[in-house]
Amino acid sequence: MKNIVIFGAPGSGKGTQSDLMIEKYGFEHISTGDVLRSEIKKGTELGKTAQGMIENGQLIPDDLMISILASVYDSFGTDHKGVIFDGFPRTIPQAEALKAMLNERGHKVAAMIELDVPEDELMTRLIKRGQESGRADDNEETIKKRLLVYHSQTQPLIEWYEKEGLHNHINGLGSLDRIFADICQVIDNL
């Protein structure tokens with residue numbers, strides 16, 4: 001079982017690369033963004049709370065996210081090939097909570113794969129994605145807030161995963177095939 005944390009700023013290509021990993025390796029996928037957007041669409045209490053926080057560029061409280069993730073993770077059963085965690089963890093306490101949640105199940109994170117993309121490229125990609133998909137959170141003002149939150153709260157995770165011996169840096173700028181080949185090299189060596 002190869003549980004993978006895919007890591008990078010909004011617009012770094014986490015969803016695209018996750019889809020390619022799912023196709024090649026048969027991994028399950030948990031995108032916190034997709035889970036939250038689904039709750040918002042359904043109009044659940046969680047969805048309403050999440051919507052207000054997301055619109056202000058804030059992160060969802062850790063205990064809430066972990067309980068959601070644990071529930072989705074458990075829904076895959078015990079014989080899966082691994083899970084890609086996309087959009088989580090975003091802080092060191094979340095990384096510690098994820099590690100504890102997996103430990104309770106006798107599982108662990110096999111690798112953290114960081115997709116590193118320059119900020120001007122992220123802005124271009126996200127504005128284009130917003131125009132194509134109609135995602136309300138892909139507008140310049142919200143993107144700037146999300147990148148600020150990412151840099152202040154999420155960057156320290158790189159050091160944390162380095163200390164855990166799990167960090168793998170991938171240059172996220174260039175051809176899709178080259179980026180995916182670099183990711184496959186990491187996974188194949190686990």
# chains A, B, ... in the order shown; residues from 1 in each chain; ligands from 1
$ closest_atom_pairs --of "range 60-141 of chain A" --to "range 147-157 of chain A" --cutoff "6 Å" --atoms "only C-alpha atoms" --output "Markdown table"
| residue | atom | partner | partner_atom | distance |
| --- | --- | --- | --- | --- |
| A:Arg90 | CA | A:Thr154 | CA | 4.9 |
| A:Thr91 | CA | A:Thr154 | CA | 5.2 |
| A:Ile92 | CA | A:Leu157 | CA | 5.7 |
$ write_last_selection --atoms "N, CA and C atoms" --output "short mmCIF file (atom, residue, chain, number, x, y, z; two decimals), in the first residue's frame"
data_model
loop_
_atom_site.label_atom_id
_atom_site.label_comp_id
_atom_site.auth_asym_id
_atom_site.auth_seq_id
_atom_site.Cartn_x
_atom_site.Cartn_y
_atom_site.Cartn_z
N ARG A 90 -2.46 20.51 5.16
CA ARG A 90 -2.01 21.86 4.79
C ARG A 90 -1.25 22.54 5.91
N THR A 91 -1.23 21.93 7.07
CA THR A 91 -0.49 22.48 8.22
C THR A 91 0.20 21.32 8.94
N ILE A 92 1.17 21.65 9.78
CA ILE A 92 1.87 20.60 10.54
C ILE A 92 0.91 19.85 11.47
#
$ select_by_dssp --residues "chain A" --states "strand (DSSP E or B)" --output "MDAnalysis selection string"
chainID A and resid 3:7 28:31 83:86 109:116 167:171
$ residues_around --residues "Gly77 in chain A" --least-positions-apart "6" --cutoff "12 Å" --atoms "only C-alpha atoms" --output "list of chain:residue names"
A:Glu28, A:Ala70, A:Ser71, A:Val83, A:Arg105
$ write_last_selection --atoms "N, CA, C and O atoms" --output "compact mmCIF listing (two decimals), in the first residue's frame"
# COMPACT_ATOMS: atom_id res chain seq x y z
N GLU A 28 -6.68 5.04 -4.88
CA GLU A 28 -7.88 5.79 -4.53
C GLU A 28 -7.46 7.25 -4.41
O GLU A 28 -6.27 7.55 -4.36
N ALA A 70 -11.08 10.54 7.46
CA ALA A 70 -11.10 9.18 8.03
C ALA A 70 -12.29 8.41 7.48
O ALA A 70 -12.17 7.23 7.11
N SER A 71 -13.43 9.06 7.40
CA SER A 71 -14.63 8.43 6.89
C SER A 71 -14.47 8.02 5.42
O SER A 71 -14.80 6.90 5.03
N VAL A 83 -3.80 5.49 -1.29
CA VAL A 83 -4.67 6.66 -1.43
C VAL A 83 -3.81 7.88 -1.67
O VAL A 83 -2.78 8.07 -1.02
N ARG A 105 -4.80 2.62 11.87
CA ARG A 105 -5.24 1.59 10.92
C ARG A 105 -4.08 0.70 10.48
O ARG A 105 -4.24 -0.13 9.58
$ atom_distance --atom1 "CA of Ser175 in chain A" --atom2 "CA of Ile4 in chain A"
21.7 Å
$ atom_distance --atom1 "CA of Lys14 in chain A" --atom2 "CA of Glu45 in chain A"
27.3 Å
$ residues_around --residues "Gly33 in chain A" --least-positions-apart "5" --cutoff "12 Å" --atoms "only C-alpha atoms" --output "ChimeraX atom specification"
/A:10,14-15,38-40,47,50-51,54,59-60,65,68-69,85-90,135,137
$ write_last_selection --atoms "N, CA and C atoms" --output "compact mmCIF listing (two decimals), in the first residue's frame"
# COMPACT_ATOMS: atom_id res chain seq x y z
N PRO A 10 -2.25 26.03 -4.86
CA PRO A 10 -3.40 25.94 -5.76
C PRO A 10 -2.93 26.18 -7.20
N LYS A 14 -2.00 19.35 -9.00
CA LYS A 14 -2.24 18.19 -8.14
C LYS A 14 -3.36 17.29 -8.68
N GLY A 15 -4.47 17.90 -9.11
CA GLY A 15 -5.60 17.11 -9.61
C GLY A 15 -5.26 16.38 -10.90
N SER A 38 -18.60 19.26 -2.83
CA SER A 38 -19.78 18.38 -2.84
C SER A 38 -20.71 18.73 -1.67
N GLU A 39 -20.14 18.95 -0.49
CA GLU A 39 -20.95 19.31 0.68
C GLU A 39 -21.62 20.67 0.48
N ILE A 40 -20.90 21.61 -0.13
CA ILE A 40 -21.46 22.94 -0.40
C ILE A 40 -22.63 22.81 -1.37
N GLY A 47 -21.22 22.09 4.53
CA GLY A 47 -21.09 22.86 3.29
C GLY A 47 -21.23 24.35 3.51
N ALA A 50 -18.19 25.57 5.44
CA ALA A 50 -17.03 25.55 4.55
C ALA A 50 -17.09 26.69 3.55
N GLN A 51 -18.26 26.94 2.99
CA GLN A 51 -18.40 27.98 1.97
C GLN A 51 -17.96 29.34 2.50
N ILE A 54 -14.13 29.28 2.89
CA ILE A 54 -13.45 29.25 1.60
C ILE A 54 -13.53 30.61 0.92
N LEU A 59 -8.82 28.22 6.00
CA LEU A 59 -8.78 26.77 6.00
C LEU A 59 -9.88 26.22 6.92
N ILE A 60 -10.36 25.02 6.61
CA ILE A 60 -11.37 24.33 7.42
C ILE A 60 -10.71 23.81 8.70
N MET A 65 -11.84 18.31 9.28
CA MET A 65 -11.25 17.71 8.08
C MET A 65 -10.79 16.27 8.35
N ILE A 68 -13.72 13.88 8.38
CA ILE A 68 -14.21 13.67 7.01
C ILE A 68 -13.27 12.73 6.27
N LEU A 69 -11.96 12.99 6.37
CA LEU A 69 -10.97 12.16 5.68
C LEU A 69 -10.99 10.72 6.17
N PHE A 85 -3.68 11.68 -1.11
CA PHE A 85 -4.27 12.76 -0.32
C PHE A 85 -3.94 14.07 -1.04
N ASP A 86 -4.97 14.71 -1.57
CA ASP A 86 -4.82 15.88 -2.42
C ASP A 86 -5.47 17.07 -1.71
N GLY A 87 -4.66 18.03 -1.29
CA GLY A 87 -5.19 19.20 -0.59
C GLY A 87 -5.18 19.03 0.92
N PHE A 88 -4.59 17.97 1.39
CA PHE A 88 -4.49 17.70 2.83
C PHE A 88 -3.30 16.79 3.05
N PRO A 89 -2.47 17.05 4.03
CA PRO A 89 -2.53 18.12 5.03
C PRO A 89 -2.05 19.46 4.47
N ARG A 90 -2.46 20.51 5.16
CA ARG A 90 -2.01 21.86 4.79
C ARG A 90 -1.25 22.54 5.91
N ARG A 135 -15.44 27.90 -11.74
CA ARG A 135 -15.24 27.81 -10.30
C ARG A 135 -15.16 29.20 -9.70
N ASP A 137 -14.15 30.23 -6.87
CA ASP A 137 -12.97 30.58 -6.06
C ASP A 137 -11.73 30.82 -6.93
$ residues_around --residues "Asp19 in chain A" --least-positions-apart "6" --cutoff "12 Å" --atoms "only C-alpha atoms" --output "ChimeraX atom specification"
/A:6,13,25-31,83-84,86,176,180
$ write_last_selection --atoms "C-alpha atoms" --output "PDB file, in the first residue's frame"
ATOM      1  CA  ILE A   6       0.441  15.263  -3.253  1.00  0.00           C
ATOM      2  CA  GLY A  13      -1.350  20.440 -11.077  1.00  0.00           C
ATOM      3  CA  TYR A  25      -1.355   2.623 -10.227  1.00  0.00           C
ATOM      4  CA  GLY A  26      -5.010   2.083  -9.295  1.00  0.00           C
ATOM      5  CA  PHE A  27      -4.826   4.388  -6.282  1.00  0.00           C
ATOM      6  CA  GLU A  28      -7.882   5.790  -4.535  1.00  0.00           C
ATOM      7  CA  HIS A  29      -8.095   9.590  -4.299  1.00  0.00           C
ATOM      8  CA  ILE A  30      -9.259  11.986  -1.631  1.00  0.00           C
ATOM      9  CA  SER A  31      -9.406  15.608  -2.731  1.00  0.00           C
ATOM     10  CA  VAL A  83      -4.671   6.655  -1.428  1.00  0.00           C
ATOM     11  CA  ILE A  84      -3.608   9.993  -2.841  1.00  0.00           C
ATOM     12  CA  ASP A  86      -4.821  15.882  -2.418  1.00  0.00           C
ATOM     13  CA  LEU A 176       2.774  17.021 -18.424  1.00  0.00           C
ATOM     14  CA  PHE A 180       4.410  12.580 -14.546  1.00  0.00           C
TER      15      PHE A 180
END
$ decode --residues "range 11-27 of chain A" --atoms "all heavy atoms" --output "CSV table (one decimal), in the first residue's frame"
chain,number,residue,atom,x,y,z
A,11,GLY,N,-3.4,25.3,-8.1
A,11,GLY,CA,-3.0,25.5,-9.5
A,11,GLY,C,-1.7,24.8,-9.9
A,11,GLY,O,-1.2,24.9,-11.1
A,12,SER,N,-1.1,24.0,-9.0
A,12,SER,CA,0.2,23.4,-9.3
A,12,SER,C,0.1,22.1,-10.1
A,12,SER,O,1.1,21.6,-10.6
A,12,SER,CB,1.0,23.1,-8.0
A,12,SER,OG,0.3,22.3,-7.2
A,13,GLY,N,-1.1,21.6,-10.3
A,13,GLY,CA,-1.4,20.4,-11.1
A,13,GLY,C,-1.6,19.2,-10.3
A,13,GLY,O,-1.6,18.1,-10.8
A,14,LYS,N,-2.0,19.3,-9.0
A,14,LYS,CA,-2.2,18.2,-8.1
A,14,LYS,C,-3.4,17.3,-8.7
A,14,LYS,O,-3.2,16.1,-8.7
A,14,LYS,CB,-2.6,18.6,-6.7
A,14,LYS,CG,-1.5,19.4,-6.0
A,14,LYS,CD,-1.9,19.8,-4.6
A,14,LYS,CE,-3.1,20.7,-4.5
A,14,LYS,NZ,-2.8,22.1,-4.9
A,15,GLY,N,-4.5,17.9,-9.1
A,15,GLY,CA,-5.6,17.1,-9.6
A,15,GLY,C,-5.3,16.4,-10.9
A,15,GLY,O,-5.6,15.2,-11.0
A,16,THR,N,-4.6,17.1,-11.8
A,16,THR,CA,-4.2,16.5,-13.1
A,16,THR,C,-3.3,15.3,-12.9
A,16,THR,O,-3.5,14.2,-13.4
A,16,THR,CB,-3.5,17.5,-14.0
A,16,THR,OG1,-4.4,18.6,-14.2
A,16,THR,CG2,-3.1,17.0,-15.3
A,17,GLN,N,-2.2,15.5,-12.0
A,17,GLN,CA,-1.3,14.4,-11.8
A,17,GLN,C,-1.9,13.3,-11.0
A,17,GLN,O,-1.6,12.1,-11.2
A,17,GLN,CB,0.0,15.0,-11.1
A,17,GLN,CG,0.8,15.9,-11.9
A,17,GLN,CD,1.4,15.3,-13.2
A,17,GLN,OE1,1.6,14.1,-13.3
A,17,GLN,NE2,1.6,16.1,-14.2
A,18,SER,N,-2.8,13.6,-10.1
A,18,SER,CA,-3.5,12.6,-9.3
A,18,SER,C,-4.3,11.7,-10.3
A,18,SER,O,-4.3,10.4,-10.1
A,18,SER,CB,-4.5,13.2,-8.3
A,18,SER,OG,-3.8,13.9,-7.3
A,19,ASP,N,-5.0,12.3,-11.3
A,19,ASP,CA,-5.7,11.5,-12.2
A,19,ASP,C,-4.8,10.5,-13.0
A,19,ASP,O,-5.2,9.3,-13.2
A,19,ASP,CB,-6.4,12.4,-13.3
A,19,ASP,CG,-7.6,13.1,-12.7
A,19,ASP,OD1,-8.1,12.8,-11.5
A,19,ASP,OD2,-8.1,14.1,-13.3
A,20,LEU,N,-3.6,11.0,-13.3
A,20,LEU,CA,-2.7,10.1,-14.0
A,20,LEU,C,-2.2,9.0,-13.1
A,20,LEU,O,-2.0,7.8,-13.6
A,20,LEU,CB,-1.5,10.9,-14.6
A,20,LEU,CG,-1.8,11.9,-15.6
A,20,LEU,CD1,-0.6,12.9,-15.9
A,20,LEU,CD2,-2.3,11.3,-16.9
A,21,MET,N,-1.9,9.3,-11.8
A,21,MET,CA,-1.5,8.2,-10.9
A,21,MET,C,-2.6,7.2,-10.7
A,21,MET,O,-2.3,6.0,-10.6
A,21,MET,CB,-1.1,8.9,-9.6
A,21,MET,CG,0.2,9.6,-9.6
A,21,MET,SD,0.8,10.1,-8.0
A,21,MET,CE,-0.1,11.7,-7.8
A,22,ILE,N,-3.8,7.6,-10.6
A,22,ILE,CA,-5.0,6.7,-10.4
A,22,ILE,C,-5.0,5.8,-11.6
A,22,ILE,O,-5.2,4.5,-11.4
A,22,ILE,CB,-6.3,7.5,-10.2
A,22,ILE,CG1,-6.3,8.3,-8.9
A,22,ILE,CG2,-7.5,6.6,-10.3
A,22,ILE,CD1,-7.3,9.4,-8.9
A,23,GLU,N,-4.9,6.3,-12.8
A,23,GLU,CA,-5.0,5.5,-14.0
A,23,GLU,C,-3.9,4.5,-14.0
A,23,GLU,O,-4.1,3.3,-14.3
A,23,GLU,CB,-4.9,6.4,-15.2
A,23,GLU,CG,-5.2,5.7,-16.5
A,23,GLU,CD,-5.2,6.6,-17.7
A,23,GLU,OE1,-5.7,7.8,-17.5
A,23,GLU,OE2,-4.7,6.2,-18.7
A,24,LYS,N,-2.6,4.9,-13.7
A,24,LYS,CA,-1.5,4.0,-13.8
A,24,LYS,C,-1.4,3.0,-12.6
A,24,LYS,O,-1.1,1.8,-12.8
A,24,LYS,CB,-0.2,4.8,-13.9
A,24,LYS,CG,1.1,3.9,-14.0
A,24,LYS,CD,2.3,4.6,-14.4
A,24,LYS,CE,3.5,3.6,-14.4
A,24,LYS,NZ,4.6,4.1,-15.1
A,25,TYR,N,-1.6,3.4,-11.4
A,25,TYR,CA,-1.4,2.6,-10.2
A,25,TYR,C,-2.6,2.1,-9.5
A,25,TYR,O,-2.5,1.3,-8.6
A,25,TYR,CB,-0.5,3.4,-9.2
A,25,TYR,CG,0.8,3.8,-9.7
A,25,TYR,CD1,1.1,5.1,-10.2
A,25,TYR,CD2,1.9,2.9,-9.7
A,25,TYR,CE1,2.3,5.4,-10.7
A,25,TYR,CE2,3.1,3.2,-10.2
A,25,TYR,CZ,3.4,4.5,-10.6
A,25,TYR,OH,4.6,4.9,-11.1
A,26,GLY,N,-3.8,2.6,-9.9
A,26,GLY,CA,-5.0,2.1,-9.3
A,26,GLY,C,-5.2,2.6,-7.9
A,26,GLY,O,-5.9,2.0,-7.1
A,27,PHE,N,-4.6,3.8,-7.6
A,27,PHE,CA,-4.8,4.4,-6.3
A,27,PHE,C,-6.2,4.9,-6.1
A,27,PHE,O,-6.9,5.3,-7.1
A,27,PHE,CB,-3.9,5.6,-6.1
A,27,PHE,CG,-2.4,5.2,-6.0
A,27,PHE,CD1,-1.4,6.0,-6.5
A,27,PHE,CD2,-2.0,4.0,-5.4
A,27,PHE,CE1,-0.1,5.7,-6.5
A,27,PHE,CE2,-0.6,3.7,-5.3
A,27,PHE,CZ,0.3,4.5,-5.9
